[in-house]
file work_23.csv (CSV, C-alpha atoms and all ligand atoms)
chain,number,residue,atom,x,y,z
A,1,MET,CA,-17.1,-19.1,5.7
A,2,SER,CA,-18.1,-21.0,2.6
A,3,GLN,CA,-15.7,-23.0,0.4
A,4,ASN,CA,-17.0,-21.1,-2.6
A,5,GLU,CA,-15.9,-17.8,-1.5
A,6,SER,CA,-13.4,-16.0,-3.6
A,7,LYS,CA,-9.9,-17.5,-3.5
A,8,ALA,CA,-8.4,-14.1,-4.2
A,9,THR,CA,-5.3,-13.4,-2.2
A,10,SER,CA,-3.7,-10.3,-0.9
A,11,ILE,CA,-0.2,-9.3,0.2
A,12,THR,CA,-0.1,-7.9,3.7
A,13,ILE,CA,2.7,-6.6,5.9
A,14,CYS,CA,3.4,-8.1,9.3
A,15,ALA,CA,3.2,-5.4,12.0
A,16,GLY,CA,5.8,-7.2,14.0
A,17,CYS,CA,8.6,-7.9,11.5
A,18,SER,CA,7.6,-6.1,8.3
A,19,GLY,CA,7.6,-9.4,6.5
A,20,LEU,CA,5.4,-9.9,3.5
A,21,ASN,CA,2.7,-12.5,3.7
A,22,ARG,CA,0.1,-13.7,1.2
A,23,ILE,CA,-3.3,-14.2,2.8
A,24,GLN,CA,-6.6,-15.4,1.4
A,25,ILE,CA,-9.1,-12.5,1.3
A,26,GLY,CA,-12.1,-13.2,3.5
A,27,ASN,CA,-10.5,-16.2,5.1
A,28,ALA,CA,-7.5,-15.0,7.0
A,29,SER,CA,-8.8,-14.3,10.5
A,30,ASN,CA,-6.3,-16.8,12.0
A,31,ALA,CA,-3.5,-16.0,9.7
A,32,LYS,CA,-0.1,-15.7,11.2
A,33,CYS,CA,3.1,-14.2,9.9
A,34,GLY,CA,5.2,-16.8,8.0
A,35,HIS,CA,8.4,-15.1,9.2
A,36,CYS,CA,7.8,-14.4,12.9
A,37,GLY,CA,4.5,-16.1,13.8
A,38,GLN,CA,2.7,-13.0,15.0
A,39,PRO,CA,-1.0,-12.8,14.1
A,40,LEU,CA,-1.6,-10.8,11.0
A,41,ASN,CA,-4.3,-8.1,10.7
A,42,PRO,CA,-6.5,-9.5,7.8
A,43,GLU,CA,-8.4,-6.2,7.6
A,44,ALA,CA,-5.4,-4.0,7.1
A,45,THR,CA,-5.6,-2.1,3.8
A,46,VAL,CA,-3.3,0.9,3.7
A,47,HIS,CA,-0.2,0.1,5.7
A,48,SER,CA,1.9,2.9,7.3
A,49,VAL,CA,5.5,2.3,6.6
A,50,ASP,CA,8.9,3.9,7.4
A,51,LEU,CA,11.9,4.0,5.0
A,52,PRO,CA,13.4,0.5,5.7
A,53,THR,CA,9.9,-1.1,5.4
A,54,LEU,CA,9.1,0.8,2.2
A,55,LYS,CA,12.5,-0.3,0.7
A,56,HIS,CA,11.8,-3.9,1.9
A,57,VAL,CA,8.3,-4.1,0.4
A,58,VAL,CA,9.3,-2.4,-2.9
A,59,LYS,CA,12.1,-4.9,-3.3
A,60,ASN,CA,10.1,-8.0,-2.3
A,61,SER,CA,6.4,-7.5,-3.1
A,62,PRO,CA,5.1,-9.9,-5.8
A,63,VAL,CA,2.4,-7.3,-6.7
A,64,PRO,CA,2.8,-3.6,-7.5
A,65,VAL,CA,3.3,-1.3,-4.5
A,66,LEU,CA,1.5,2.0,-4.3
A,67,CYS,CA,2.9,4.5,-1.8
A,68,ASP,CA,1.2,7.7,-0.7
A,69,PHE,CA,3.8,10.2,0.5
A,70,TRP,CA,1.8,12.4,2.8
A,71,ALA,CA,1.9,14.5,6.0
A,72,PRO,CA,-0.6,15.2,8.8
A,73,TRP,CA,-0.5,19.0,8.3
A,74,CYS,CA,-1.3,18.7,4.6
A,75,GLY,CA,-5.1,19.3,4.0
A,76,PRO,CA,-5.2,17.7,0.6
A,77,CYS,CA,-3.4,14.7,2.0
A,78,VAL,CA,-5.8,14.3,4.8
A,79,ALA,CA,-8.8,14.7,2.4
A,80,PHE,CA,-7.2,12.1,0.1
A,81,ALA,CA,-6.8,9.5,2.8
A,82,PRO,CA,-10.3,8.0,2.8
A,83,ILE,CA,-10.3,7.9,-1.0
A,84,TYR,CA,-7.0,6.0,-0.9
A,85,GLU,CA,-8.3,3.7,1.8
A,86,GLU,CA,-11.3,2.8,-0.3
A,87,PHE,CA,-9.2,2.3,-3.4
A,88,SER,CA,-6.9,0.0,-1.4
A,89,ALA,CA,-9.8,-2.1,-0.1
A,90,ASP,CA,-11.0,-2.5,-3.7
A,91,HIS,CA,-7.6,-3.5,-5.0
A,92,ARG,CA,-6.3,-5.8,-2.3
A,93,SER,CA,-5.5,-8.5,-4.8
A,94,ASN,CA,-3.9,-6.2,-7.3
A,95,ALA,CA,-1.6,-4.0,-5.3
A,96,LEU,CA,0.0,-3.5,-1.9
A,97,CYS,CA,-1.0,0.0,-0.8
A,98,VAL,CA,1.2,1.8,1.8
A,99,LYS,CA,1.6,5.3,3.0
A,100,LEU,CA,4.6,7.1,4.4
A,101,ASP,CA,4.4,10.1,6.7
A,102,THR,CA,7.0,12.5,5.2
A,103,GLU,CA,7.0,14.6,8.4
A,104,ALA,CA,7.9,11.6,10.6
A,105,HIS,CA,10.3,10.2,8.0
A,106,GLY,CA,11.8,13.2,6.2
A,107,VAL,CA,14.8,11.1,5.2
A,108,ALA,CA,12.5,8.9,3.2
A,109,ALA,CA,11.0,11.8,1.3
A,110,GLU,CA,14.5,12.8,0.4
A,111,ALA,CA,15.5,9.3,-0.6
A,112,PHE,CA,12.6,9.1,-3.0
A,113,ASN,CA,12.9,12.8,-4.1
A,114,ILE,CA,9.4,13.8,-3.0
A,115,ARG,CA,9.0,17.5,-3.9
A,116,GLY,CA,5.4,18.0,-3.0
A,117,ILE,CA,2.7,16.1,-1.2
A,118,PRO,CA,0.6,14.2,-1.6
A,119,THR,CA,2.6,12.2,-4.1
A,120,LEU,CA,1.6,8.7,-5.2
A,121,VAL,CA,4.3,6.4,-6.5
A,122,VAL,CA,3.9,3.0,-8.1
A,123,PHE,CA,6.7,0.6,-7.8
A,124,GLU,CA,6.9,-2.6,-9.7
A,125,GLY,CA,9.6,-5.2,-9.8
A,126,GLY,CA,11.7,-3.2,-7.3
A,127,VAL,CA,11.7,0.0,-9.3
A,128,GLU,CA,9.6,3.1,-9.6
A,129,LYS,CA,7.3,2.9,-12.5
A,130,ALA,CA,5.3,6.1,-12.2
A,131,ARG,CA,4.4,8.9,-9.9
A,132,GLN,CA,1.5,11.3,-9.5
A,133,SER,CA,1.7,14.6,-7.6
A,134,GLY,CA,-1.4,16.0,-6.0
A,135,ALA,CA,-4.5,14.4,-4.6
A,136,LEU,CA,-6.9,12.7,-7.1
A,137,PRO,CA,-10.6,12.2,-6.9
A,138,ALA,CA,-11.6,8.5,-6.6
A,139,ASP,CA,-12.4,8.1,-10.3
A,140,ALA,CA,-9.2,9.7,-11.5
A,141,LEU,CA,-7.2,7.6,-9.0
A,142,LYS,CA,-8.8,4.4,-10.4
A,143,GLN,CA,-8.1,5.6,-14.0
A,144,TRP,CA,-4.5,6.4,-13.2
A,145,ALA,CA,-3.9,3.1,-11.4
A,146,THR,CA,-5.5,1.2,-14.3
A,147,SER,CA,-3.2,3.0,-16.7
A,148,GLN,CA,-0.3,1.6,-14.6
A,149,GLY,CA,-1.6,-1.9,-14.8
A,150,ILE,CA,-3.3,-1.9,-11.4
A,151,GLY,CA,-7.0,-2.5,-12.0
A,152,ALA,CA,-9.8,-4.9,-11.5
B,1,ZN,ZN,6.2,-11.2,11.1

call {"tool": "encode", "arguments": {"input": "work_23.csv", "output": "structure tokens"}}
result
Amino acid sequence: MSQNESKATSITICAGCSGLNRIQIGNASNAKCGHCGQPLNPEATVHSVDLPTLKHVVKNSPVPVLCDFWAPWCGPCVAFAPIYEEFSADHRSNALCVKLDTEAHGVAAEAFNIRGIPTLVVFEGGVEKARQSGALPADALKQWATSQGIGA
């Protein structure tokens, strides 16, 4: 790993304690959680969250949080997943991308007033900034995110 590699950082969620950690992209293979010491997964892009974790990251993330509210039975949601994964990988330094399974966590869908899926919500500074209902093709997703200040 060369010293000249990008120093870009990314916010990641610890699978053990849900703590937020800033890691260096491309140089985090030995990164451990600053809260509980558990090894972090440096390759994680879209994190699956439950309601308490979503609330925690929305409140504490230093970068905008993008949440995909989805369900496994929803065809458009499943089709959107790889598009979202790719977007997330491309925007690791700009945003923290998470997804919440509304079937497993119905109470979370209620808490965030999710009326249809997939719904994408951007949170910034602890509050909802924008939401988008319906799956987007990759280009439209990028465009929408850029209009919300998430862009390369
Ligand atoms: Zn931890």

call {"tool": "residues_near_ligand", "arguments": {"input": "work_23.csv", "ligand": "ligand ZN 1 (chain B)", "cutoff": "12 Å", "atoms": "all atoms listed in the file", "output": "list in words"}}
result
Thr12, Ile13, Cys14, Ala15, Gly16, Cys17, Ser18, Gly19, Leu20, Asn21, Arg22, Ala31, Lys32, Cys33, Gly34, His35, Cys36, Gly37, Gln38, Pro39, Leu40 and Asn41 of chain A

call {"tool": "closest_residue", "arguments": {"input": "work_23.csv", "among": "A:Cys97, A:Ser133, A:Ala104, A:Phe80", "to": "A:Ile117", "atoms": "all atoms listed in the file"}}
result
A:Ser133

call {"tool": "closest_residue", "arguments": {"input": "work_23.csv", "among": "A:Ser10, A:Thr146, A:Asn27, A:Thr102", "to": "A:Phe69", "atoms": "only C-alpha atoms"}}
result
A:Thr102

call {"tool": "closest_residue", "arguments": {"input": "work_23.csv", "among": "A:Ser61, A:Asn30, A:Thr53, A:Ser88", "to": "A:Val127", "atoms": "only C-alpha atoms"}}
result
A:Ser61

call {"tool": "atom_distance", "arguments": {"input": "work_23.csv", "atom1": "atom CA of A:Asp68", "atom2": "atom CA of A:Val121"}}
result
6.7 Å

call {"tool": "atom_distance", "arguments": {"input": "work_23.csv", "atom1": "atom CA of A:Pro42", "atom2": "atom CA of A:Pro137"}}
result
26.5 Å

call {"tool": "atom_distance", "arguments": {"input": "work_23.csv", "atom1": "atom CA of A:Leu66", "atom2": "atom CA of A:Val122"}}
result
4.6 Å

call {"tool": "closest_residue", "arguments": {"input": "work_23.csv", "among": "A:Ile23, A:Ala138, A:Ile83, A:Leu54", "to": "A:Phe112", "atoms": "all atoms listed in the file"}}
result
A:Leu54

call {"tool": "decode", "arguments": {"input": "work_23.csv", "residues": "stretch 81-96 of chain A", "atoms": "N, CA and C atoms", "output": "PDB file, in the first residue's frame"}}
result
ATOM      1  N   ALA A  81     -31.150  -2.743  -5.474  1.00  0.00           N
ATOM      2  CA  ALA A  81     -30.061  -3.019  -4.530  1.00  0.00           C
ATOM      3  C   ALA A  81     -28.658  -2.921  -5.151  1.00  0.00           C
ATOM      4  N   PRO A  82     -28.402  -3.574  -6.318  1.00  0.00           N
ATOM      5  CA  PRO A  82     -27.043  -3.468  -6.875  1.00  0.00           C
ATOM      6  C   PRO A  82     -26.698  -2.057  -7.334  1.00  0.00           C
ATOM      7  N   ILE A  83     -27.709  -1.301  -7.784  1.00  0.00           N
ATOM      8  CA  ILE A  83     -27.479   0.090  -8.190  1.00  0.00           C
ATOM      9  C   ILE A  83     -27.049   0.909  -6.973  1.00  0.00           C
ATOM     10  N   TYR A  84     -27.728   0.656  -5.881  1.00  0.00           N
ATOM     11  CA  TYR A  84     -27.435   1.375  -4.635  1.00  0.00           C
ATOM     12  C   TYR A  84     -26.064   0.980  -4.089  1.00  0.00           C
ATOM     13  N   GLU A  85     -25.737  -0.315  -4.188  1.00  0.00           N
ATOM     14  CA  GLU A  85     -24.422  -0.802  -3.750  1.00  0.00           C
ATOM     15  C   GLU A  85     -23.312  -0.081  -4.519  1.00  0.00           C
ATOM     16  N   GLU A  86     -23.506   0.017  -5.818  1.00  0.00           N
ATOM     17  CA  GLU A  86     -22.482   0.636  -6.649  1.00  0.00           C
ATOM     18  C   GLU A  86     -22.363   2.127  -6.319  1.00  0.00           C
ATOM     19  N   PHE A  87     -23.495   2.772  -6.155  1.00  0.00           N
ATOM     20  CA  PHE A  87     -23.504   4.181  -5.775  1.00  0.00           C
ATOM     21  C   PHE A  87     -22.751   4.374  -4.461  1.00  0.00           C
ATOM     22  N   SER A  88     -23.055   3.502  -3.515  1.00  0.00           N
ATOM     23  CA  SER A  88     -22.438   3.579  -2.195  1.00  0.00           C
ATOM     24  C   SER A  88     -20.916   3.444  -2.279  1.00  0.00           C
ATOM     25  N   ALA A  89     -20.466   2.478  -3.088  1.00  0.00           N
ATOM     26  CA  ALA A  89     -19.025   2.261  -3.241  1.00  0.00           C
ATOM     27  C   ALA A  89     -18.358   3.491  -3.859  1.00  0.00           C
ATOM     28  N   ASP A  90     -19.070   4.160  -4.769  1.00  0.00           N
ATOM     29  CA  ASP A  90     -18.524   5.350  -5.442  1.00  0.00           C
ATOM     30  C   ASP A  90     -18.563   6.592  -4.559  1.00  0.00           C
ATOM     31  N   HIS A  91     -19.347   6.552  -3.498  1.00  0.00           N
ATOM     32  CA  HIS A  91     -19.538   7.760  -2.684  1.00  0.00           C
ATOM     33  C   HIS A  91     -19.159   7.527  -1.233  1.00  0.00           C
ATOM     34  N   ARG A  92     -18.196   6.642  -1.023  1.00  0.00           N
ATOM     35  CA  ARG A  92     -17.847   6.276   0.346  1.00  0.00           C
ATOM     36  C   ARG A  92     -17.363   7.443   1.176  1.00  0.00           C
ATOM     37  N   SER A  93     -16.730   8.419   0.507  1.00  0.00           N
ATOM     38  CA  SER A  93     -16.218   9.548   1.285  1.00  0.00           C
ATOM     39  C   SER A  93     -17.250  10.656   1.442  1.00  0.00           C
ATOM     40  N   ASN A  94     -18.338  10.588   0.674  1.00  0.00           N
ATOM     41  CA  ASN A  94     -19.341  11.657   0.699  1.00  0.00           C
ATOM     42  C   ASN A  94     -20.556  11.357   1.550  1.00  0.00           C
ATOM     43  N   ALA A  95     -20.824  10.078   1.745  1.00  0.00           N
ATOM     44  CA  ALA A  95     -22.083   9.732   2.395  1.00  0.00           C
ATOM     45  C   ALA A  95     -21.962   8.387   3.087  1.00  0.00           C
ATOM     46  N   LEU A  96     -22.806   8.196   4.077  1.00  0.00           N
ATOM     47  CA  LEU A  96     -22.913   6.903   4.733  1.00  0.00           C
ATOM     48  C   LEU A  96     -24.211   6.275   4.242  1.00  0.00           C
TER      49      LEU A  96
END
